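Structure below is protein_6.tsv: TSV, C-alpha atoms and all ligand atoms.
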```tsv
chain	number	residue	atom	x	y	z
A	1	MET	CA	-5.74	30.13	1.45
A	2	ARG	CA	-2.77	32.27	0.48
A	3	ILE	CA	-0.45	29.38	1.24
A	4	LYS	CA	-2.52	27.12	-0.98
A	5	LEU	CA	-2.31	29.57	-3.84
A	6	VAL	CA	1.48	29.67	-3.50
A	7	LEU	CA	1.60	25.88	-3.51
A	8	VAL	CA	-0.61	25.78	-6.55
A	9	ALA	CA	1.62	28.22	-8.39
A	10	VAL	CA	4.70	26.14	-7.62
A	11	LEU	CA	2.94	23.01	-8.78
A	12	SER	CA	1.87	24.66	-12.01
A	13	LEU	CA	5.41	25.74	-12.70
A	14	SER	CA	6.64	22.23	-11.97
A	15	ILE	CA	4.16	20.56	-14.29
A	16	SER	CA	4.94	23.05	-17.00
A	17	CYS	CA	8.70	22.50	-16.74
A	18	PHE	CA	8.17	18.76	-16.56
A	19	ALA	CA	6.16	18.78	-19.76
A	20	GLU	CA	8.61	20.97	-21.59
A	21	SER	CA	11.85	19.27	-20.59
A	22	GLY	CA	11.01	15.56	-20.75
A	23	GLU	CA	14.66	14.73	-21.45
A	24	ASP	CA	16.77	14.86	-18.36
A	25	GLN	CA	15.53	11.85	-16.49
A	26	SER	CA	18.90	10.96	-15.13
A	27	LYS	CA	18.21	11.63	-11.46
A	28	PRO	CA	14.51	11.40	-10.88
A	29	LEU	CA	12.82	10.85	-7.59
A	30	PRO	CA	9.39	9.33	-7.25
A	31	ALA	CA	6.44	11.42	-8.18
A	32	ALA	CA	3.87	8.78	-7.44
A	33	ASP	CA	1.21	10.96	-6.00
A	34	GLN	CA	2.02	14.53	-6.87
A	35	VAL	CA	-0.83	15.45	-9.15
A	36	GLY	CA	-3.24	13.11	-7.43
A	37	ASN	CA	-2.55	14.38	-3.95
A	38	ILE	CA	-2.39	18.01	-4.77
A	39	SER	CA	-5.49	18.03	-6.87
A	40	THR	CA	-7.59	16.71	-4.02
A	41	GLY	CA	-9.31	19.06	-1.65
A	42	ASN	CA	-9.74	22.54	-3.02
A	43	GLU	CA	-9.36	21.55	-6.65
A	44	GLN	CA	-10.45	24.49	-8.68
A	45	PRO	CA	-7.32	26.66	-8.53
A	46	VAL	CA	-5.13	23.70	-9.42
A	47	GLN	CA	-7.23	22.84	-12.44
A	48	ILE	CA	-7.27	26.42	-13.68
A	49	LYS	CA	-3.54	26.92	-13.30
A	50	VAL	CA	-2.68	23.59	-14.87
A	51	GLU	CA	-4.98	24.27	-17.82
A	52	LYS	CA	-3.31	27.63	-18.44
A	53	LYS	CA	0.10	26.03	-18.55
A	54	LYS	CA	-1.11	23.10	-20.58
A	55	SER	CA	-2.24	25.40	-23.34
A	56	LYS	CA	1.40	26.32	-23.89
A	57	SER	CA	2.86	22.89	-24.42
A	58	GLN	CA	-0.39	20.91	-24.68
A	59	PRO	CA	0.56	17.64	-23.01
A	60	SER	CA	-2.43	15.41	-22.59
A	61	GLN	CA	-3.13	13.72	-19.26
A	62	GLU	CA	-2.20	10.48	-20.98
A	63	GLU	CA	1.20	11.89	-21.96
A	64	ILE	CA	1.80	13.16	-18.44
A	65	ASN	CA	0.92	9.71	-17.09
A	66	VAL	CA	3.30	8.00	-19.51
A	67	ASP	CA	6.07	10.35	-18.41
A	68	LYS	CA	5.28	9.74	-14.75
A	69	GLN	CA	5.27	5.99	-15.29
A	70	SER	CA	8.59	5.99	-17.12
A	71	LEU	CA	10.15	8.26	-14.48
A	72	MET	CA	8.98	5.96	-11.71
A	73	ILE	CA	10.17	2.86	-13.54
A	74	ASP	CA	13.55	4.45	-14.12
A	75	TYR	CA	13.78	5.48	-10.47
A	76	CYS	CA	12.70	2.09	-9.13
A	77	ARG	CA	15.20	0.23	-11.28
A	78	LYS	CA	18.05	2.29	-9.84
A	79	HIS	CA	16.89	2.55	-6.26
A	80	THR	CA	15.24	0.35	-3.66
A	81	CYS	CA	11.94	2.09	-3.89
B	82	MET	CA	-5.84	21.44	7.02
B	83	LYS	CA	-2.31	21.85	8.34
B	84	THR	CA	-1.55	18.26	7.48
B	85	ASN	CA	-2.91	18.73	3.98
B	86	ILE	CA	-0.65	21.70	3.45
B	87	LEU	CA	2.37	19.78	4.72
B	88	VAL	CA	1.63	16.78	2.52
B	89	SER	CA	1.07	19.07	-0.47
B	90	LEU	CA	4.34	20.77	0.29
B	91	ALA	CA	6.14	17.44	0.45
B	92	SER	CA	4.59	16.43	-2.86
B	93	ILE	CA	5.73	19.65	-4.44
B	94	ILE	CA	9.26	19.01	-3.24
B	95	PHE	CA	9.31	15.73	-5.10
B	96	THR	CA	7.66	17.20	-8.17
B	97	GLY	CA	10.39	19.80	-8.15
B	98	TYR	CA	13.00	17.10	-7.98
B	99	VAL	CA	11.51	15.18	-10.85
B	100	THR	CA	11.15	18.35	-12.84
B	101	MET	CA	14.50	19.90	-12.31
B	102	ALA	CA	16.73	16.89	-11.71
B	103	VAL	CA	19.58	19.28	-11.18
B	104	SER	CA	21.33	17.62	-8.27
B	105	ALA	CA	21.85	14.18	-6.83
B	106	PRO	CA	19.62	13.34	-3.89
B	107	PRO	CA	21.43	13.34	-0.55
B	108	HIS	CA	22.96	10.11	0.60
B	109	TRP	CA	21.04	8.33	3.35
B	110	SER	CA	21.61	5.35	5.60
B	111	TYR	CA	19.49	3.26	7.94
B	112	GLU	CA	21.51	4.59	10.88
B	113	GLU	CA	20.15	8.04	10.02
B	114	GLU	CA	16.54	6.84	9.87
B	115	PRO	CA	15.22	9.06	12.69
B	116	HIS	CA	16.51	12.07	10.75
B	117	TRP	CA	15.66	11.16	7.16
B	118	GLY	CA	13.12	13.95	7.02
B	119	ALA	CA	15.73	16.53	7.96
B	120	LEU	CA	18.48	15.44	5.55
B	121	GLU	CA	19.48	18.40	3.45
B	122	ASP	CA	20.41	18.97	-0.14
B	123	ALA	CA	22.67	21.95	0.42
B	124	SER	CA	22.53	22.93	-3.25
B	125	GLN	CA	18.82	23.71	-3.01
B	126	VAL	CA	16.66	26.28	-1.33
B	127	VAL	CA	13.64	25.55	0.84
B	128	PRO	CA	11.47	23.51	0.26
B	129	LEU	CA	13.66	21.51	-2.16
B	130	ARG	CA	16.41	21.67	0.44
B	131	TYR	CA	14.61	18.89	2.35
B	132	PRO	CA	13.88	16.28	-0.32
B	133	TYR	CA	13.02	13.59	2.24
B	134	ALA	CA	10.67	15.75	4.31
B	135	GLU	CA	7.80	13.32	3.75
B	136	CYS	CA	9.69	10.71	5.82
B	137	GLY	CA	9.20	13.02	8.77
B	138	ILE	CA	5.86	14.66	8.18
B	139	GLY	CA	3.94	12.02	6.22
B	140	THR	CA	0.87	10.56	7.86
B	141	HIS	CA	0.52	7.44	5.71
B	142	GLN	CA	3.97	6.00	6.12
B	143	SER	CA	5.18	2.41	5.81
B	144	PRO	CA	5.89	-0.12	7.19
B	145	VAL	CA	3.32	-0.69	9.95
B	146	ASP	CA	2.47	-3.16	12.68
B	147	LEU	CA	-0.31	-5.22	11.15
B	148	ALA	CA	-1.29	-6.80	14.46
B	149	ASN	CA	-1.97	-3.35	15.81
B	150	ALA	CA	-4.18	-2.45	12.88
B	151	ARG	CA	-7.92	-2.38	12.70
B	152	ILE	CA	-8.36	-5.15	10.14
B	153	VAL	CA	-11.57	-4.78	8.22
B	154	LYS	CA	-12.93	-7.83	6.51
B	155	SER	CA	-14.60	-5.66	3.98
B	156	GLY	CA	-16.90	-6.49	1.16
B	157	PRO	CA	-15.49	-7.69	-2.12
B	158	LEU	CA	-12.00	-6.35	-2.68
B	159	ASN	CA	-10.12	-6.35	-5.94
B	160	LYS	CA	-9.04	-9.80	-6.96
B	161	LEU	CA	-5.26	-10.00	-6.86
B	162	MET	CA	-3.45	-12.14	-9.39
B	163	ALA	CA	0.32	-12.54	-9.60
B	164	ARG	CA	1.46	-13.04	-13.15
B	165	TYR	CA	5.15	-13.52	-12.55
B	166	GLY	CA	6.37	-15.62	-15.46
B	167	ILE	CA	9.82	-16.50	-16.75
B	168	ASP	CA	12.32	-13.71	-17.18
B	169	THR	CA	16.02	-13.08	-17.68
B	170	PRO	CA	16.44	-10.36	-15.07
B	171	SER	CA	19.42	-8.32	-13.99
B	172	PHE	CA	20.84	-8.33	-10.48
B	173	ILE	CA	21.59	-5.00	-8.87
B	174	ASN	CA	23.19	-4.05	-5.60
B	175	THR	CA	21.52	-0.69	-4.98
B	176	GLY	CA	23.63	0.31	-2.01
B	177	HIS	CA	20.67	-0.30	0.29
B	178	ALA	CA	19.39	-3.74	-0.71
B	179	ILE	CA	19.86	-6.61	-3.11
B	180	GLN	CA	17.47	-6.20	-5.99
B	181	VAL	CA	16.36	-8.03	-9.11
B	182	ASN	CA	15.22	-5.88	-12.03
B	183	THR	CA	12.92	-7.45	-14.59
B	184	SER	CA	14.01	-7.17	-18.20
B	185	PRO	CA	12.47	-4.32	-20.21
B	186	ASP	CA	10.42	-6.77	-22.29
B	187	PHE	CA	9.00	-8.62	-19.29
B	188	THR	CA	5.23	-8.57	-19.57
B	189	GLY	CA	4.30	-9.96	-16.18
B	190	GLY	CA	2.93	-8.11	-13.25
B	191	LEU	CA	0.28	-7.89	-10.59
B	192	LYS	CA	-3.29	-7.87	-11.77
B	193	VAL	CA	-5.39	-5.78	-9.40
B	194	GLY	CA	-8.97	-6.16	-10.48
B	195	LYS	CA	-8.77	-5.57	-14.21
B	196	GLU	CA	-5.57	-3.54	-14.26
B	197	LEU	CA	-2.21	-5.22	-14.80
B	198	LEU	CA	0.59	-3.38	-13.00
B	199	PRO	CA	3.95	-4.26	-14.55
B	200	LEU	CA	6.50	-5.81	-12.21
B	201	ILE	CA	9.59	-3.60	-12.27
B	202	GLN	CA	11.80	-5.08	-9.59
B	203	LEU	CA	11.93	-7.08	-6.41
B	204	HIS	CA	14.22	-6.63	-3.45
B	205	PHE	CA	14.83	-7.88	0.06
B	206	HIS	CA	14.93	-6.43	3.55
B	207	GLU	CA	16.49	-7.98	6.64
B	208	PRO	CA	14.70	-8.29	9.04
B	209	SER	CA	11.10	-7.82	7.92
B	210	GLU	CA	9.72	-4.29	7.71
B	211	HIS	CA	6.09	-5.14	8.43
B	212	VAL	CA	5.63	-6.70	11.81
B	213	PHE	CA	2.78	-8.49	13.57
B	214	GLY	CA	2.89	-7.32	17.17
B	215	ASP	CA	6.01	-8.84	18.70
B	216	LYS	CA	6.59	-10.97	15.65
B	217	LYS	CA	9.19	-9.77	13.23
B	218	PHE	CA	10.09	-12.07	10.36
B	219	PRO	CA	13.73	-12.78	9.48
B	220	ALA	CA	13.31	-11.05	6.13
B	221	GLU	CA	10.79	-9.56	3.71
B	222	LEU	CA	10.50	-9.58	-0.07
B	223	HIS	CA	8.99	-6.66	-1.95
B	224	PHE	CA	7.67	-7.00	-5.50
B	225	VAL	CA	7.48	-3.44	-6.87
B	226	HIS	CA	4.98	-2.51	-9.59
B	227	VAL	CA	4.33	0.79	-11.33
B	228	SER	CA	0.92	1.56	-12.75
B	229	GLN	CA	0.21	3.44	-15.97
B	230	ASP	CA	-0.30	6.68	-14.06
B	231	GLY	CA	3.00	6.31	-12.21
B	232	LYS	CA	1.65	5.00	-8.94
B	233	ILE	CA	3.44	2.26	-7.05
B	234	ALA	CA	1.95	-0.96	-5.69
B	235	VAL	CA	4.08	-3.29	-3.62
B	236	LEU	CA	3.35	-6.93	-2.93
B	237	ALA	CA	5.12	-7.83	0.32
B	238	VAL	CA	5.96	-11.40	1.26
B	239	THR	CA	7.35	-12.21	4.68
B	240	ILE	CA	10.22	-14.68	4.86
B	241	ASN	CA	10.70	-17.42	7.43
B	242	ILE	CA	13.57	-19.81	8.03
B	243	GLY	CA	13.08	-23.28	6.60
B	244	GLU	CA	14.14	-25.23	3.54
B	245	GLU	CA	16.70	-23.82	1.14
B	246	ASN	CA	15.08	-21.72	-1.57
B	247	ALA	CA	16.53	-22.49	-5.01
B	248	VAL	CA	15.46	-19.26	-6.69
B	249	PHE	CA	16.73	-17.17	-3.83
B	250	GLN	CA	20.07	-18.97	-4.10
B	251	THR	CA	20.20	-18.07	-7.80
B	252	ILE	CA	19.68	-14.44	-6.82
B	253	LEU	CA	22.41	-14.55	-4.18
B	254	ASP	CA	24.83	-16.27	-6.54
B	255	ASN	CA	24.39	-13.65	-9.24
B	256	MET	CA	24.32	-10.56	-7.04
B	257	PRO	CA	27.34	-8.25	-7.32
B	258	TYR	CA	28.95	-7.24	-4.04
B	259	GLY	CA	29.86	-3.70	-4.96
B	260	SER	CA	27.39	-0.99	-4.06
B	261	GLY	CA	25.76	0.36	-7.22
B	262	GLU	CA	26.95	-2.55	-9.34
B	263	GLU	CA	24.65	-4.40	-11.69
B	264	ASN	CA	24.94	-7.84	-13.24
B	265	SER	CA	22.89	-7.71	-16.41
B	266	THR	CA	24.74	-10.36	-18.37
B	267	SER	CA	24.14	-13.48	-16.30
B	268	GLY	CA	21.64	-14.85	-18.81
B	269	VAL	CA	19.97	-16.66	-15.91
B	270	ARG	CA	16.32	-17.39	-16.54
B	271	PHE	CA	13.82	-18.31	-13.88
B	272	LYS	CA	10.16	-18.14	-13.09
B	273	LEU	CA	9.61	-15.21	-10.77
B	274	SER	CA	6.47	-16.78	-9.33
B	275	ASN	CA	8.75	-19.37	-7.74
B	276	LEU	CA	9.44	-16.68	-5.16
B	277	LEU	CA	5.82	-16.79	-4.03
B	278	PRO	CA	4.62	-19.09	-1.25
B	279	SER	CA	4.12	-22.62	-2.51
B	280	GLY	CA	0.64	-24.02	-2.64
B	281	ILE	CA	-1.16	-20.70	-2.94
B	282	ASN	CA	-3.60	-19.76	-5.65
B	283	THR	CA	-1.66	-17.11	-7.58
B	284	ALA	CA	-4.84	-16.23	-9.45
B	285	ASN	CA	-6.59	-15.20	-6.26
B	286	LEU	CA	-4.10	-14.19	-3.59
B	287	GLU	CA	-5.05	-13.79	0.06
B	288	TYR	CA	-3.82	-10.45	1.29
B	289	LEU	CA	-4.00	-7.51	3.65
B	290	THR	CA	-3.95	-4.13	2.00
B	291	LEU	CA	-3.43	-0.55	3.10
B	292	ALA	CA	-2.30	2.80	1.79
B	293	GLY	CA	1.29	3.59	2.64
B	294	SER	CA	4.58	4.90	1.37
B	295	LEU	CA	7.98	3.94	0.10
B	296	THR	CA	9.92	2.58	3.07
B	297	THR	CA	13.08	4.28	1.82
B	298	PRO	CA	13.71	8.00	1.28
B	299	PRO	CA	11.98	9.99	-0.09
B	300	CYS	CA	9.20	7.95	1.62
B	301	SER	CA	6.69	9.12	-1.00
B	302	GLU	CA	3.11	8.31	-0.10
B	303	GLY	CA	0.47	7.04	-2.50
B	304	VAL	CA	1.89	3.52	-2.44
B	305	GLN	CA	-0.65	0.72	-2.19
B	306	TRP	CA	0.60	-2.19	-0.12
B	307	TYR	CA	-0.57	-5.79	-0.47
B	308	VAL	CA	0.87	-8.05	2.21
B	309	LEU	CA	0.45	-11.76	1.58
B	310	THR	CA	-0.94	-13.73	4.48
B	311	LYS	CA	1.46	-16.62	3.78
B	312	SER	CA	5.25	-16.58	4.02
B	313	ILE	CA	8.03	-18.09	1.96
B	314	ALA	CA	11.07	-19.86	3.40
B	315	ILE	CA	14.80	-19.60	2.94
B	316	SER	CA	17.45	-21.53	4.84
B	317	SER	CA	19.36	-20.05	7.75
B	318	ALA	CA	22.54	-20.32	5.67
B	319	GLN	CA	20.85	-18.27	2.95
B	320	LEU	CA	19.80	-15.65	5.47
B	321	GLU	CA	23.40	-15.40	6.64
B	322	GLN	CA	24.59	-15.09	3.05
B	323	MET	CA	22.02	-12.36	2.45
B	324	LYS	CA	23.31	-10.50	5.50
B	325	THR	CA	26.78	-10.40	3.95
B	326	PHE	CA	25.22	-7.95	1.47
B	327	TYR	CA	22.92	-5.97	3.77
B	328	SER	CA	21.80	-6.35	7.33
B	329	ASN	CA	19.29	-4.26	9.24
B	330	ASN	CA	18.06	-2.63	6.05
B	331	ALA	CA	14.54	-2.34	7.38
B	332	ARG	CA	12.73	0.84	8.32
B	333	SER	CA	11.08	0.87	11.73
B	334	VAL	CA	7.33	0.64	12.16
B	335	GLN	CA	5.38	3.84	11.47
B	336	SER	CA	2.19	5.08	13.04
B	337	LEU	CA	-1.03	3.91	11.43
B	338	ASN	CA	-2.72	7.26	12.01
B	339	GLU	CA	-6.27	5.93	11.82
B	340	ARG	CA	-5.60	3.90	8.71
B	341	SER	CA	-7.58	0.72	8.30
B	342	VAL	CA	-6.16	-2.46	6.89
B	343	LEU	CA	-8.45	-4.39	4.59
B	344	SER	CA	-8.44	-8.16	4.33
B	345	ASN	CA	-9.91	-10.35	1.58
B	346	ARG	CA	-9.80	-13.51	3.66
C	1	ZN	ZN	11.27	-2.57	0.09
```
Represent the supplied structure as structure tokens.
Amino acid sequence: MRIKLVLVAVLSLSISCFAESGEDQSKPLPAADQVGNISTGNEQPVQIKVEKKKSKSQPSQEEINVDKQSLMIDYCRKHTC
Amino acid sequence: MKTNILVSLASIIFTGYVTMAVSAPPHWSYEEEPHWGALEDASQVVPLRYPYAECGIGTHQSPVDLANARIVKSGPLNKLMARYGIDTPSFINTGHAIQVNTSPDFTGGLKVGKELLPLIQLHFHEPSEHVFGDKKFPAELHFVHVSQDGKIAVLAVTINIGEENAVFQTILDNMPYGSGEENSTSGVRFKLSNLLPSGINTANLEYLTLAGSLTTPPCSEGVQWYVLTKSIAISSAQLEQMKTFYSNNARSVQSLNERSVLSNR
């Protein structure tokens, strides 16, 4: 459980940074299943942490998806993904 | 539980990479395939130090042996429609494969049920990555699509030796030889659906499908694979020409780990 909480904290930080930077997409790697995979299983802590961070920069799920899609497209155009 | 933690950890590594984008991912080669998961980015600390960890610890990796799979002729699956119209693509030598990128205004893609997944690129492997028992095809074509939520779906088409393939020749003729080079000024236009098997119903493709991963590092999972049941053909001379770019750029077969393969046939 403690490990999960650590993972959740790292994820929250990542999502927060991702939402706030949104500019340096020069060297992305695929993030196809990050949020999906991590939010499965014991979901509550993830949701709570993500909501807390979201209130800072307020990206909607739609905005996050658009960013994820453009990151993946950018990555797959440059690499054999 | 342990597996879940490992997979979560791997996901976080990639999230971190996307988020920070502070260093180039480590170089990899097919010769290093058994060790992809252990390749290090020395500029990072654990867990970001092992950006390709999922190649080693993932449980839903691709490619697989489809003859070895439990193929479930399930109830109604999503109808699969290939809408690969005319485009003026660019030709890119990625350093690991020859690849064709669709133009930014290309509107075609793969319709899975009601959702249209834009076609981003297609590329080739030699020999095939997916195998059917002892049968390995001379090559394999991957059409790569990215959904609105950033997930990847790949339509795989196995390639046999036969008649010369005109569209494939166009691709070979416009492909730059230098690793990392891109030819975006060819002006060549062609119908991408001409790379699909002839005589099939592109509005209702016959396929096998399973959950898998990228077959190249970072081997990210969450990729949905659709493998067509019919092959396309290229000539033996074309295969040889393709091998002058890349040869043996195919990942070895990965364990199915209880995954089922669904068929709509
Ligand atoms: Zn591929």
Nearest to ligand ZN 1 (chain C) by atom-to-atom distance, counting all atoms listed in the file, from B:Gln229, B:Ser260, B:Thr296, B:Gln180 = B:Thr296
Selection within 7 Å of ligand ZN 1 (chain C) by all atoms listed in the file, output as a list in words |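 Using all atoms listed in the file, I find these residues within 7 Å of ligand ZN 1 (chain C): Thr80 and Cys81 of chain A; His204, Phe205, His206, His223 and Thr296 of chain B.
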Pairwise distance for atom CA of B:Leu161 and atom CA of B:Val193, rounded to one decimal in Å |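 Here the two named atoms are 4.9 Å from each other.
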Using all atoms listed in the file, which of B:Thr290, B:Thr325, B:Asn264, B:Asn246 sits nearest B:Asn174?
->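 Of all the options, B:Asn264 lies closest to B:Asn174.
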For atom CA of B:Tyr327 and atom CA of B:Asn182, determine how far apart the two atoms are, in Å to one decimal place.
->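 If I compute the distance from atom CA of B:Tyr327 to atom CA of B:Asn182, I get 17.6 Å.
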Shell around stretch 236-245 of chain B at 8 Å using only C-alpha atoms, local window under 5 positions removed, as a PyMOL selection string = chain B and resi 209+218-225+250+277+306-317+319-320
Selection file, C-alpha atoms, as an mmCIF file, in the coordinates of the input:
```cif
data_model
loop_
_atom_site.group_PDB
_atom_site.id
_atom_site.type_symbol
_atom_site.label_atom_id
_atom_site.label_comp_id
_atom_site.auth_asym_id
_atom_site.auth_seq_id
_atom_site.Cartn_x
_atom_site.Cartn_y
_atom_site.Cartn_z
ATOM 1 C CA SER B 209 11.100 -7.820 7.920
ATOM 2 C CA PHE B 218 10.090 -12.070 10.360
ATOM 3 C CA PRO B 219 13.730 -12.780 9.480
ATOM 4 C CA ALA B 220 13.310 -11.050 6.130
ATOM 5 C CA GLU B 221 10.790 -9.560 3.710
ATOM 6 C CA LEU B 222 10.500 -9.580 -0.070
ATOM 7 C CA HIS B 223 8.990 -6.660 -1.950
ATOM 8 C CA PHE B 224 7.670 -7.000 -5.500
ATOM 9 C CA VAL B 225 7.480 -3.440 -6.870
ATOM 10 C CA GLN B 250 20.070 -18.970 -4.100
ATOM 11 C CA LEU B 277 5.820 -16.790 -4.030
ATOM 12 C CA TRP B 306 0.600 -2.190 -0.120
ATOM 13 C CA TYR B 307 -0.570 -5.790 -0.470
ATOM 14 C CA VAL B 308 0.870 -8.050 2.210
ATOM 15 C CA LEU B 309 0.450 -11.760 1.580
ATOM 16 C CA THR B 310 -0.940 -13.730 4.480
ATOM 17 C CA LYS B 311 1.460 -16.620 3.780
ATOM 18 C CA SER B 312 5.250 -16.580 4.020
ATOM 19 C CA ILE B 313 8.030 -18.090 1.960
ATOM 20 C CA ALA B 314 11.070 -19.860 3.400
ATOM 21 C CA ILE B 315 14.800 -19.600 2.940
ATOM 22 C CA SER B 316 17.450 -21.530 4.840
ATOM 23 C CA SER B 317 19.360 -20.050 7.750
ATOM 24 C CA GLN B 319 20.850 -18.270 2.950
ATOM 25 C CA LEU B 320 19.800 -15.650 5.470
#
```
Please return the centre and edge lengths, in Å to one decimal, of a box with edges along x, y and z that contains all listed atoms of stretch 105-118 of chain B, widened by 4 Å on every side, as AutoDock Vina command-line options.
```
--center_x 18.0 --center_y 8.7 --center_z 2.9 --size_x 17.8 --size_y 18.9 --size_z 27.5
```
Can you tell me, as a list in words, what residues are no more than 8 Å from B:Glu302 when counting all atoms listed in the file, ignoring any on the same chain fewer than 5 positions away?
->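 What passes the distance filter is Ala32 and Asp33 of chain A; Glu135, Gly139, His141, Gln142, Ala292, Gly293, Ser294 and Leu295 of chain B.
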Work out how far atom CA of B:Asp230 is from atom CA of A:Asp67, in Å to one decimal.
-> 8.5 Å
List the neighbours of B:Ile201 out to 10 Å using only C-alpha atoms; skip same-chain residues closer than 4 positions along the sequence, and give me the result as a PyMOL selection string.
-> (chain A and resi 72-74+76-77) or (chain B and resi 181-185+187-190+224-227+233)
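The closest residue to B:Lys160, picked from B:Ala119, B:Ala284, B:Leu198, B:Val248 and counting all atoms listed in the file, is B:Ala284.
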Between A:Lys78, A:Ser60, A:Asn65, A:Ser70, which one has atoms that come closest to B:Ser171, using only C-alpha atoms?
-> A:Lys78
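With only C-alpha atoms as the basis for measurement, B:Phe249 is the residue among B:Ala150, B:Phe249, B:Asp215, B:Asn159 that approaches B:Leu203 most closely.
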